[in-house]
>>> print(open('work.csv').read())   # CSV, C-alpha atoms and all ligand atoms
chain,number,residue,atom,x,y,z
A,10,MET,CA,-100.4,-49.0,84.0
A,11,ALA,CA,-101.9,-51.4,81.5
A,12,ASP,CA,-102.2,-55.1,82.4
A,13,GLU,CA,-98.9,-56.6,81.1
A,14,ARG,CA,-99.8,-60.3,81.5
A,15,PRO,CA,-99.3,-62.0,78.1
A,16,GLU,CA,-103.0,-63.1,77.9
A,17,PHE,CA,-104.2,-59.4,78.2
A,18,ALA,CA,-101.4,-58.1,75.9
A,19,LEU,CA,-102.7,-60.5,73.2
A,20,ILE,CA,-106.3,-59.4,73.8
A,21,GLU,CA,-105.2,-55.7,73.5
A,22,TRP,CA,-103.4,-56.6,70.2
A,23,ILE,CA,-106.6,-58.2,68.9
A,24,ARG,CA,-108.7,-55.3,70.1
A,25,ARG,CA,-106.7,-52.8,68.2
A,26,ARG,CA,-106.9,-54.7,64.9
A,27,THR,CA,-110.6,-55.5,64.7
A,28,VAL,CA,-112.9,-53.4,62.4
A,29,THR,CA,-115.7,-51.7,64.2
A,30,ARG,CA,-119.4,-51.8,63.1
A,31,PRO,CA,-122.2,-49.7,64.4
A,32,GLU,CA,-124.3,-52.8,65.4
A,33,VAL,CA,-121.5,-53.8,67.8
A,34,LEU,CA,-122.3,-51.4,70.7
A,35,ILE,CA,-119.7,-52.9,73.0
A,36,GLY,CA,-116.9,-55.1,71.7
A,37,ILE,CA,-113.7,-56.5,73.3
A,38,GLY,CA,-112.9,-55.3,76.9
A,39,ASP,CA,-116.0,-56.0,78.9
A,40,ASP,CA,-117.5,-59.2,80.5
A,41,ALA,CA,-119.5,-59.7,77.3
A,42,SER,CA,-120.2,-57.8,74.0
A,43,VAL,CA,-123.4,-56.0,73.3
A,44,LEU,CA,-125.0,-56.1,69.8
A,45,GLN,CA,-128.0,-54.1,68.6
A,46,GLY,CA,-131.2,-56.1,69.2
A,47,PRO,CA,-134.9,-55.6,68.8
A,48,GLN,CA,-137.0,-52.7,70.3
A,49,GLY,CA,-134.7,-51.2,72.9
A,50,ARG,CA,-133.2,-54.6,73.9
A,51,ASN,CA,-129.8,-55.7,72.9
A,52,TRP,CA,-128.0,-59.0,72.5
A,53,ILE,CA,-125.2,-59.8,75.0
A,54,THR,CA,-122.7,-62.4,73.9
A,55,THR,CA,-119.9,-64.1,75.8
A,56,VAL,CA,-117.4,-66.9,75.2
A,57,ASP,CA,-115.5,-69.1,77.7
A,58,VAL,CA,-113.1,-71.9,76.9
A,59,LEU,CA,-112.2,-74.6,79.5
A,60,THR,CA,-109.2,-76.9,78.9
A,61,GLU,CA,-108.7,-80.1,80.8
A,62,GLY,CA,-105.4,-79.9,82.8
A,63,VAL,CA,-105.6,-76.1,82.8
A,64,HIS,CA,-109.0,-75.1,84.1
A,65,PHE,CA,-110.1,-78.4,85.5
A,66,ASP,CA,-108.9,-81.8,86.3
A,67,LEU,CA,-111.2,-84.8,85.7
A,68,ALA,CA,-109.5,-86.6,88.5
A,69,ALA,CA,-110.7,-83.9,90.9
A,70,ALA,CA,-114.0,-82.8,89.4
A,71,SER,CA,-116.7,-85.0,87.8
A,72,PRO,CA,-117.5,-84.2,84.2
A,73,GLU,CA,-121.0,-83.3,85.2
A,74,LEU,CA,-119.6,-80.5,87.4
A,75,VAL,CA,-117.2,-79.4,84.7
A,76,GLY,CA,-120.2,-79.1,82.3
A,77,ARG,CA,-122.1,-77.1,84.8
A,78,LYS,CA,-119.2,-74.8,85.4
A,79,ALA,CA,-118.6,-74.3,81.7
A,80,MET,CA,-122.2,-73.0,81.4
A,81,ASN,CA,-122.3,-71.1,84.6
A,82,ALA,CA,-119.1,-69.2,84.0
A,83,ASN,CA,-120.7,-67.7,80.9
A,84,VAL,CA,-124.0,-67.1,82.7
A,85,SER,CA,-122.0,-65.1,85.2
A,86,ASP,CA,-120.6,-62.9,82.4
A,87,ILE,CA,-124.1,-62.2,81.2
A,88,ALA,CA,-125.1,-61.4,84.8
A,89,ALA,CA,-122.2,-59.0,85.0
A,90,MET,CA,-123.8,-57.0,82.2
A,91,ALA,CA,-127.2,-57.3,84.0
A,92,GLY,CA,-128.6,-59.4,81.2
A,93,GLU,CA,-130.9,-62.5,80.9
A,94,PRO,CA,-129.2,-65.6,79.4
A,95,VAL,CA,-131.1,-67.0,76.4
A,96,ALA,CA,-129.2,-69.4,74.0
A,97,ALA,CA,-125.9,-71.3,74.1
A,98,PHE,CA,-123.6,-72.8,71.5
A,99,ILE,CA,-121.2,-75.5,72.6
A,100,GLY,CA,-117.9,-76.3,70.9
A,101,ILE,CA,-116.4,-79.5,72.3
A,102,VAL,CA,-113.1,-81.3,71.4
A,103,LEU,CA,-113.2,-84.8,72.9
A,104,PRO,CA,-110.3,-87.0,73.7
A,105,ARG,CA,-110.7,-89.9,71.2
A,106,SER,CA,-110.3,-92.7,73.9
A,107,ARG,CA,-113.1,-91.4,76.2
A,108,GLY,CA,-115.5,-89.8,73.6
A,109,ARG,CA,-119.1,-90.6,73.9
A,110,LEU,CA,-119.5,-91.4,77.6
A,111,LEU,CA,-117.5,-88.4,78.6
A,112,ALA,CA,-119.6,-86.2,76.3
A,113,GLU,CA,-122.8,-87.4,77.9
A,114,ALA,CA,-121.6,-86.7,81.4
A,115,ILE,CA,-120.4,-83.2,80.4
A,116,TYR,CA,-123.8,-82.5,78.7
A,117,ALA,CA,-125.7,-83.7,81.8
A,118,GLY,CA,-124.0,-80.8,83.7
A,119,LEU,CA,-124.5,-78.3,80.8
A,120,PHE,CA,-128.2,-79.2,80.6
A,121,ASP,CA,-128.6,-78.9,84.4
A,122,ALA,CA,-127.3,-75.3,84.4
A,123,ALA,CA,-129.1,-74.5,81.1
A,124,ARG,CA,-132.5,-75.7,82.6
A,125,GLN,CA,-131.9,-73.6,85.7
A,126,TRP,CA,-131.4,-70.4,83.6
A,127,ASN,CA,-133.9,-71.3,80.9
A,128,VAL,CA,-131.2,-71.4,78.3
A,129,THR,CA,-131.7,-73.2,75.0
A,130,LEU,CA,-128.7,-75.2,73.5
A,131,ALA,CA,-129.0,-73.8,70.0
A,132,GLY,CA,-125.9,-75.2,68.3
A,133,GLY,CA,-122.3,-76.0,68.5
A,134,ASP,CA,-119.5,-78.1,67.0
A,135,THR,CA,-117.9,-81.5,67.9
A,136,ASN,CA,-114.4,-82.6,67.2
A,137,SER,CA,-112.2,-85.3,68.6
A,138,TRP,CA,-108.4,-85.6,68.9
A,139,ASP,CA,-105.6,-87.2,70.9
A,140,GLY,CA,-105.3,-84.3,73.3
A,141,PRO,CA,-107.3,-83.4,76.4
A,142,LEU,CA,-110.9,-82.3,76.7
A,143,VAL,CA,-111.6,-78.7,75.6
A,144,ILE,CA,-115.1,-77.1,75.9
A,145,SER,CA,-116.0,-73.7,74.6
A,146,VAL,CA,-119.4,-72.2,75.5
A,147,THR,CA,-120.8,-69.2,73.7
A,148,LEU,CA,-123.8,-67.7,75.4
A,149,MET,CA,-126.2,-65.1,74.1
A,150,GLY,CA,-128.4,-63.1,76.4
A,151,LEU,CA,-130.7,-60.1,76.2
A,152,THR,CA,-130.4,-56.8,78.1
A,153,THR,CA,-133.3,-55.8,80.2
A,154,GLY,CA,-135.2,-52.6,79.2
A,155,GLN,CA,-132.6,-50.6,81.1
A,156,GLY,CA,-129.7,-51.7,78.9
A,157,ALA,CA,-126.4,-53.3,79.7
A,158,VAL,CA,-124.1,-52.4,82.6
A,159,THR,CA,-120.5,-52.1,81.5
A,160,ARG,CA,-117.2,-51.9,83.2
A,161,SER,CA,-116.6,-48.3,82.1
A,162,GLY,CA,-119.3,-46.1,83.7
A,163,GLY,CA,-117.7,-45.8,87.2
A,164,LYS,CA,-117.3,-42.2,88.4
A,165,PRO,CA,-115.1,-40.7,91.1
A,166,GLY,CA,-117.0,-40.8,94.4
A,167,ASP,CA,-119.1,-43.8,93.5
A,168,TRP,CA,-119.2,-46.5,96.1
A,169,LEU,CA,-117.8,-50.0,95.4
A,170,PHE,CA,-120.0,-53.0,96.4
A,171,VAL,CA,-119.6,-56.8,96.2
A,172,THR,CA,-122.3,-59.4,96.4
A,173,GLY,CA,-121.8,-62.4,98.8
A,174,ALA,CA,-118.4,-63.3,100.2
A,175,LEU,CA,-114.9,-63.9,98.7
A,176,GLY,CA,-112.1,-66.5,98.9
A,177,GLY,CA,-111.6,-70.2,99.3
A,178,SER,CA,-113.6,-71.1,96.2
A,179,LEU,CA,-111.0,-73.4,94.5
A,180,MET,CA,-110.1,-75.3,97.7
A,181,SER,CA,-113.7,-75.9,98.7
A,182,GLY,CA,-115.0,-76.9,95.3
A,183,ARG,CA,-117.4,-73.8,95.3
A,184,HIS,CA,-115.8,-72.9,91.9
A,185,LEU,CA,-117.7,-75.8,90.4
A,186,THR,CA,-121.1,-75.3,92.2
A,187,PHE,CA,-121.5,-71.6,92.5
A,188,THR,CA,-124.7,-69.8,91.6
A,189,PRO,CA,-124.2,-67.1,89.0
A,190,ARG,CA,-125.7,-63.8,90.2
A,191,VAL,CA,-128.3,-63.3,87.4
A,192,ASN,CA,-131.2,-62.6,89.7
A,193,GLU,CA,-129.2,-60.3,91.9
A,194,ALA,CA,-127.9,-58.3,89.0
A,195,ILE,CA,-131.4,-57.8,87.4
A,196,ALA,CA,-132.9,-56.9,90.8
A,197,LEU,CA,-130.1,-54.4,91.5
A,198,HIS,CA,-130.3,-52.9,88.0
A,199,ARG,CA,-134.1,-52.4,88.5
A,200,SER,CA,-133.7,-50.7,91.9
A,201,VAL,CA,-130.7,-48.4,91.5
A,202,SER,CA,-128.5,-47.0,88.7
A,203,LEU,CA,-125.5,-49.3,88.4
A,204,THR,CA,-122.7,-47.2,87.0
A,205,SER,CA,-120.3,-50.2,86.4
A,206,MET,CA,-120.1,-53.9,87.1
A,207,LEU,CA,-118.1,-57.1,86.5
A,208,ASP,CA,-118.0,-60.6,87.8
A,209,ILE,CA,-115.0,-61.7,89.9
A,210,SER,CA,-113.3,-64.6,88.2
A,211,ASP,CA,-109.6,-63.8,88.7
A,212,GLY,CA,-109.9,-62.4,92.2
A,213,LEU,CA,-111.0,-59.0,93.5
A,214,ALA,CA,-107.5,-57.6,93.6
A,215,SER,CA,-107.1,-58.4,89.9
A,216,ASP,CA,-110.6,-57.8,88.5
A,217,LEU,CA,-111.0,-54.5,90.3
A,218,PHE,CA,-108.2,-53.1,88.0
A,219,HIS,CA,-110.2,-54.1,84.9
A,220,LEU,CA,-113.2,-52.0,86.1
A,221,LEU,CA,-110.8,-49.1,87.1
A,222,ASP,CA,-109.0,-49.2,83.7
A,223,GLU,CA,-112.2,-49.1,81.7
A,224,SER,CA,-113.7,-46.4,84.0
A,225,HIS,CA,-110.5,-44.4,84.1
A,226,VAL,CA,-110.6,-44.0,87.9
A,227,GLY,CA,-108.7,-45.2,91.0
A,228,ALA,CA,-110.1,-46.6,94.2
A,229,ARG,CA,-109.8,-46.7,98.0
A,230,LEU,CA,-110.5,-50.2,99.2
A,231,ASP,CA,-111.4,-50.9,102.8
A,232,GLY,CA,-109.7,-54.2,103.5
A,233,ASP,CA,-111.4,-54.5,106.9
A,234,ALA,CA,-114.8,-54.4,105.2
A,235,VAL,CA,-114.1,-57.1,102.5
A,236,PRO,CA,-116.4,-60.0,103.2
A,237,ILE,CA,-114.4,-63.2,103.7
A,238,HIS,CA,-116.1,-66.4,102.7
A,239,GLU,CA,-116.5,-69.2,105.4
A,240,ASP,CA,-114.6,-71.5,103.0
A,241,VAL,CA,-111.4,-69.6,104.0
A,242,PRO,CA,-110.3,-71.4,107.2
A,243,SER,CA,-110.9,-69.2,110.2
A,244,ALA,CA,-107.7,-70.5,111.9
A,245,LEU,CA,-105.6,-68.6,109.4
A,246,PRO,CA,-104.1,-65.2,110.5
A,247,ALA,CA,-106.3,-62.2,109.6
A,248,ASP,CA,-103.9,-60.9,106.9
A,249,VAL,CA,-103.7,-64.3,105.2
A,250,ARG,CA,-107.5,-64.6,105.2
A,251,LEU,CA,-107.8,-61.1,103.6
A,252,GLY,CA,-105.2,-62.1,101.0
A,253,ARG,CA,-107.3,-65.2,100.2
A,254,ALA,CA,-110.4,-63.1,99.7
A,255,LEU,CA,-108.6,-60.6,97.5
A,256,ASN,CA,-106.6,-63.1,95.4
A,257,ASP,CA,-108.1,-66.6,95.3
A,258,GLY,CA,-110.6,-65.8,92.5
A,259,GLU,CA,-113.3,-68.0,90.9
A,260,ASP,CA,-115.8,-66.3,93.3
A,261,PHE,CA,-118.2,-65.4,90.5
A,262,GLU,CA,-119.6,-62.6,92.7
A,263,LEU,CA,-120.5,-59.2,91.3
A,264,LEU,CA,-118.3,-56.2,91.9
A,265,PHE,CA,-120.3,-53.0,91.1
A,266,THR,CA,-120.5,-49.3,91.7
A,267,VAL,CA,-123.3,-46.9,92.4
A,268,SER,CA,-123.6,-43.2,93.4
A,269,PRO,CA,-123.4,-42.6,97.2
A,270,ASP,CA,-127.1,-41.9,97.3
A,271,ASP,CA,-127.9,-45.2,95.7
A,272,GLY,CA,-125.3,-46.8,98.0
A,273,VAL,CA,-127.2,-45.6,101.0
A,274,ARG,CA,-130.4,-47.0,99.6
A,275,LEU,CA,-128.8,-50.4,98.9
A,276,LEU,CA,-127.5,-50.6,102.5
A,277,ARG,CA,-131.0,-49.7,103.8
A,278,GLU,CA,-133.1,-51.8,101.4
A,279,SER,CA,-130.9,-54.7,100.3
A,280,PRO,CA,-133.1,-55.4,97.2
A,281,CYS,CA,-131.7,-58.8,96.4
A,282,GLY,CA,-131.6,-61.9,98.7
A,283,THR,CA,-127.8,-62.0,98.7
A,284,PRO,CA,-125.8,-59.9,101.1
A,285,LEU,CA,-124.3,-56.7,99.7
A,286,THR,CA,-121.2,-55.1,101.2
A,287,LYS,CA,-119.7,-51.7,100.6
A,288,ILE,CA,-115.9,-52.2,100.3
A,289,GLY,CA,-114.7,-48.9,99.1
A,290,GLU,CA,-115.0,-45.9,96.8
A,291,LEU,CA,-113.8,-44.7,93.4
A,292,THR,CA,-111.3,-41.9,93.2
A,293,ASN,CA,-110.3,-39.2,90.7
A,294,ASP,CA,-106.6,-40.2,90.7
A,295,ARG,CA,-105.6,-43.5,89.3
A,296,ASN,CA,-104.1,-44.9,92.5
A,297,VAL,CA,-105.5,-47.9,94.2
A,298,SER,CA,-105.0,-48.0,98.0
A,299,LEU,CA,-106.1,-50.6,100.5
A,300,ARG,CA,-106.8,-49.9,104.2
A,301,VAL,CA,-105.7,-52.8,106.5
A,302,HIS,CA,-106.0,-52.4,110.2
A,303,GLY,CA,-106.6,-48.7,109.8
A,304,GLU,CA,-103.4,-48.1,107.7
A,305,TRP,CA,-103.5,-47.1,104.0
A,306,ARG,CA,-101.2,-49.0,101.6
A,307,THR,CA,-100.8,-49.2,97.9
A,308,LEU,CA,-102.6,-52.2,96.2
A,309,ALA,CA,-100.4,-53.6,93.5
A,310,ARG,CA,-102.1,-54.6,90.2
A,311,GLY,CA,-102.8,-58.3,89.9
A,312,GLY,CA,-102.8,-59.3,93.5
A,313,TRP,CA,-102.0,-58.6,97.1
A,314,THR,CA,-99.6,-60.6,99.4
A,315,HIS,CA,-99.7,-59.7,103.0
A,316,SER,CA,-95.9,-59.6,103.2
A,317,LEU,CA,-94.6,-58.9,99.6
A,318,ASP,CA,-96.8,-56.7,97.5
A,319,VAL,CA,-97.8,-54.1,100.0
A,320,GLY,CA,-96.1,-50.7,99.4
B,1,LIG,P1,-113.8,-62.6,81.6
B,1,LIG,O1,-112.8,-62.9,82.7
B,1,LIG,O2,-114.9,-61.6,82.1
B,1,LIG,O3,-114.4,-63.8,80.9
B,1,LIG,P2,-111.6,-62.0,79.8
B,1,LIG,O4,-110.6,-61.5,80.7
B,1,LIG,O5,-111.6,-63.5,79.4
B,1,LIG,O6,-113.1,-61.7,80.5
B,1,LIG,O7,-111.8,-61.2,78.4
B,1,LIG,C1,-111.7,-59.8,78.4
B,1,LIG,C2,-112.2,-59.2,77.1
B,1,LIG,O8,-111.4,-59.7,76.0
B,1,LIG,C3,-113.6,-59.7,76.8
B,1,LIG,O9,-114.3,-58.6,76.2
B,1,LIG,C4,-113.5,-60.8,75.8
B,1,LIG,O10,-114.6,-60.9,74.9
B,1,LIG,C5,-112.2,-60.4,75.0
B,1,LIG,N1,-111.4,-61.5,74.5
B,1,LIG,C6,-110.7,-62.4,75.2
B,1,LIG,N2,-110.1,-63.3,74.4
B,1,LIG,C7,-110.3,-62.9,73.1
B,1,LIG,C8,-109.9,-63.3,71.8
B,1,LIG,N3,-109.1,-64.4,71.7
B,1,LIG,N4,-110.4,-62.7,70.8
B,1,LIG,C9,-111.2,-61.6,70.9
B,1,LIG,N5,-111.6,-61.1,72.1
B,1,LIG,C10,-111.2,-61.7,73.2
B,2,MG,MG,-116.4,-61.6,83.5
>>> encode(input="work.csv", output="structure tokens")
Amino acid sequence: MADERPEFALIEWIRRRTVTRPEVLIGIGDDASVLQGPQGRNWITTVDVLTEGVHFDLAAASPELVGRKAMNANVSDIAAMAGEPVAAFIGIVLPRSRGRLLAEAIYAGLFDAARQWNVTLAGGDTNSWDGPLVISVTLMGLTTGQGAVTRSGGKPGDWLFVTGALGGSLMSGRHLTFTPRVNEAIALHRSVSLTSMLDISDGLASDLFHLLDESHVGARLDGDAVPIHEDVPSALPADVRLGRALNDGEDFELLFTVSPDDGVRLLRESPCGTPLTKIGELTNDRNVSLRVHGEWRTLARGGWTHSLDVG
């Protein structure tokens, strides 16, 4: 049940062809890669590319917010490994007609986010062309003393948690202004043993499968427990609201797993300021089921539609 979307098929193709080196502790397949670093700490590296007209629309979002998002999407991937962001490299391809002014506005947003996370802009590359704006951010971070949290350590019986609430991000503009869960990830990593983690960019119903694939497990998801963001209009029918929380994406919340004992502690102690919700459990078999109004259904890979995809 591999992910058959062309983008992921290409990434698999690349993954199979690359040589491996012992310094690369974790390569393709997680939120970020982990390279051997100094004295028990390791380097975490992640890259994100945003293209005008595909990932953002300068008519709908200011260039400052686009810059901020370009940085924070990467910060979120470092957070997903429970790391601390350190240094960024920016590749930018500017549309010739709008070059300098546009670049300054984008960098205002990049610097905003970089200052917030104490990230140094350490290099990059600048081109211009007759096409749309393209920004690529490479971000390096360091693991804490406890190492990186990957997507692959989930065990059957582990409890599934999410930070915050899901859905409505694109329509409300939250996808531009979200706060990456760096502090939450580090606080959680300090207080319990995180067995696996990722950040939700494509949507819970889609990203959950990446965690399950890498951990070789299935899941039972309690749809009635999924926290729905207030950005999802409350006037919508309950099933539609749940669909929005599962599918909308760009939440940049953390999805993580812990042992049941640690899960009980998290619910009791809530060690980070952001709400934590238990939304399900990992299972031995590779099936993914979703409970809606007390009834169990099969959750299809890549999304859930209240009328179409439910088996
Ligand atoms: P995320 O949504 O967390 O940013 P992606 O789905 O973009 O993750 O990427 C999944 C994995 O594939 C990551 O480990 C990423 O580094 C890797 N990857 C994506 N595109 C490429 C590429 N063109 N070449 C090599 N690795 C890639
Ligand atoms: Mg990610």
>>> residues_near_ligand(input="work.csv", ligand="ligand LIG 1 (chain B)", cutoff="6 Å", atoms="all atoms listed in the file", output="MDAnalysis selection string")
chainID A and resid 20 37:41 86 210
>>> residues_near_ligand(input="work.csv", ligand="ligand MG 2 (chain B)", cutoff="10 Å", atoms="all atoms listed in the file", output="mmCIF file with C-alpha atoms, in the frame of the given file")
data_model
loop_
_atom_site.group_PDB
_atom_site.id
_atom_site.type_symbol
_atom_site.label_atom_id
_atom_site.label_comp_id
_atom_site.auth_asym_id
_atom_site.auth_seq_id
_atom_site.Cartn_x
_atom_site.Cartn_y
_atom_site.Cartn_z
ATOM 1 C CA GLY A 38 -112.900 -55.300 76.900
ATOM 2 C CA ASP A 39 -116.000 -56.000 78.900
ATOM 3 C CA ASP A 40 -117.500 -59.200 80.500
ATOM 4 C CA ALA A 41 -119.500 -59.700 77.300
ATOM 5 C CA THR A 55 -119.900 -64.100 75.800
ATOM 6 C CA VAL A 56 -117.400 -66.900 75.200
ATOM 7 C CA ASP A 57 -115.500 -69.100 77.700
ATOM 8 C CA ALA A 82 -119.100 -69.200 84.000
ATOM 9 C CA ASN A 83 -120.700 -67.700 80.900
ATOM 10 C CA VAL A 84 -124.000 -67.100 82.700
ATOM 11 C CA SER A 85 -122.000 -65.100 85.200
ATOM 12 C CA ASP A 86 -120.600 -62.900 82.400
ATOM 13 C CA ILE A 87 -124.100 -62.200 81.200
ATOM 14 C CA ALA A 88 -125.100 -61.400 84.800
ATOM 15 C CA ALA A 89 -122.200 -59.000 85.000
ATOM 16 C CA MET A 90 -123.800 -57.000 82.200
ATOM 17 C CA ARG A 160 -117.200 -51.900 83.200
ATOM 18 C CA MET A 206 -120.100 -53.900 87.100
ATOM 19 C CA LEU A 207 -118.100 -57.100 86.500
ATOM 20 C CA ASP A 208 -118.000 -60.600 87.800
ATOM 21 C CA ILE A 209 -115.000 -61.700 89.900
ATOM 22 C CA SER A 210 -113.300 -64.600 88.200
ATOM 23 C CA ASP A 211 -109.600 -63.800 88.700
ATOM 24 C CA ASP A 216 -110.600 -57.800 88.500
ATOM 25 C CA HIS A 219 -110.200 -54.100 84.900
ATOM 26 C CA PHE A 261 -118.200 -65.400 90.500
ATOM 27 C CA GLU A 262 -119.600 -62.600 92.700
ATOM 28 C CA LEU A 263 -120.500 -59.200 91.300
#
>>> atom_distance(input="work.csv", atom1="CA of Asp294 (chain A)", atom2="CA of Ser202 (chain A)")
23.0 Å
>>> atom_distance(input="work.csv", atom1="CA of Gly177 (chain A)", atom2="CA of Pro189 (chain A)")
16.6 Å
>>> atom_distance(input="work.csv", atom1="CA of Val273 (chain A)", atom2="CA of Leu175 (chain A)")
22.2 Å
>>> residues_around(input="work.csv", residues="Gly92 (chain A)", least_positions_apart="3", cutoff="9 Å", atoms="only C-alpha atoms", output="MDAnalysis selection string")
chainID A and resid 52:53 86:89 150:153 156:158 191 194:195
>>> closest_residue(input="work.csv", among="A:Ser205, A:Thr159, A:Arg14, A:Ala122", to="Gly36 (chain A)", atoms="all atoms listed in the file")
A:Thr159
>>> closest_residue(input="work.csv", among="A:Leu142, A:Val267, A:Ile237, A:Val128", to="Gly108 (chain A)", atoms="all atoms listed in the file")
A:Leu142
>>> closest_residue(input="work.csv", among="A:Thr307, A:Gln48, A:Val297, A:Arg105", to="Asn136 (chain A)", atoms="only C-alpha atoms")
A:Arg105
>>> residues_around(input="work.csv", residues="Gly182 (chain A)", least_positions_apart="2", cutoff="10 Å", atoms="only C-alpha atoms", output="JSON, numbers by chain")
{"A": [69, 70, 74, 177, 178, 179, 180, 184, 185, 186, 187, 240]}
>>> closest_residue(input="work.csv", among="A:Thr29, A:Ala79, A:Arg109, A:Gly163", to="His225 (chain A)", atoms="all atoms listed in the file")
A:Gly163
>>> closest_residue(input="work.csv", among="A:Thr292, A:Gln45, A:Asn51, A:Asn256", to="Gly227 (chain A)", atoms="all atoms listed in the file")
A:Thr292
>>> residues_around(input="work.csv", residues="Leu67 (chain A)", least_positions_apart="4", cutoff="12 Å", atoms="all atoms listed in the file", output="list in words")
Leu59, Thr60, Glu61, Gly62, Val63, Ser71, Pro72, Glu73, Leu74, Val75, Gly76, Arg107, Leu111, Ala114, Ile115, Pro141, Leu142 and Val143 of chain A
>>> closest_residue(input="work.csv", among="A:Asp167, A:Asp231, A:Glu13, A:Asp271", to="Leu291 (chain A)", atoms="only C-alpha atoms")
A:Asp167
>>> residues_around(input="work.csv", residues="Leu148 (chain A)", least_positions_apart="2", cutoff="6 Å", atoms="all atoms listed in the file", output="NGL selection string")
:A and (54-55 or 96-97)
>>> residues_near_point(input="work.csv", point="(-113.0, -55.7, 106.7)", cutoff="12 Å", atoms="all atoms listed in the file", output="list in words")
Ala174, Leu175, Leu230, Asp231, Gly232, Asp233, Ala234, Val235, Pro236, Ile237, His238, Ala247, Asp248, Arg250, Leu251, Gly252, Ala254, Leu255, Thr286, Lys287, Ile288, Gly289, Leu299, Arg300, Val301, His302 and Gly303 of chain A
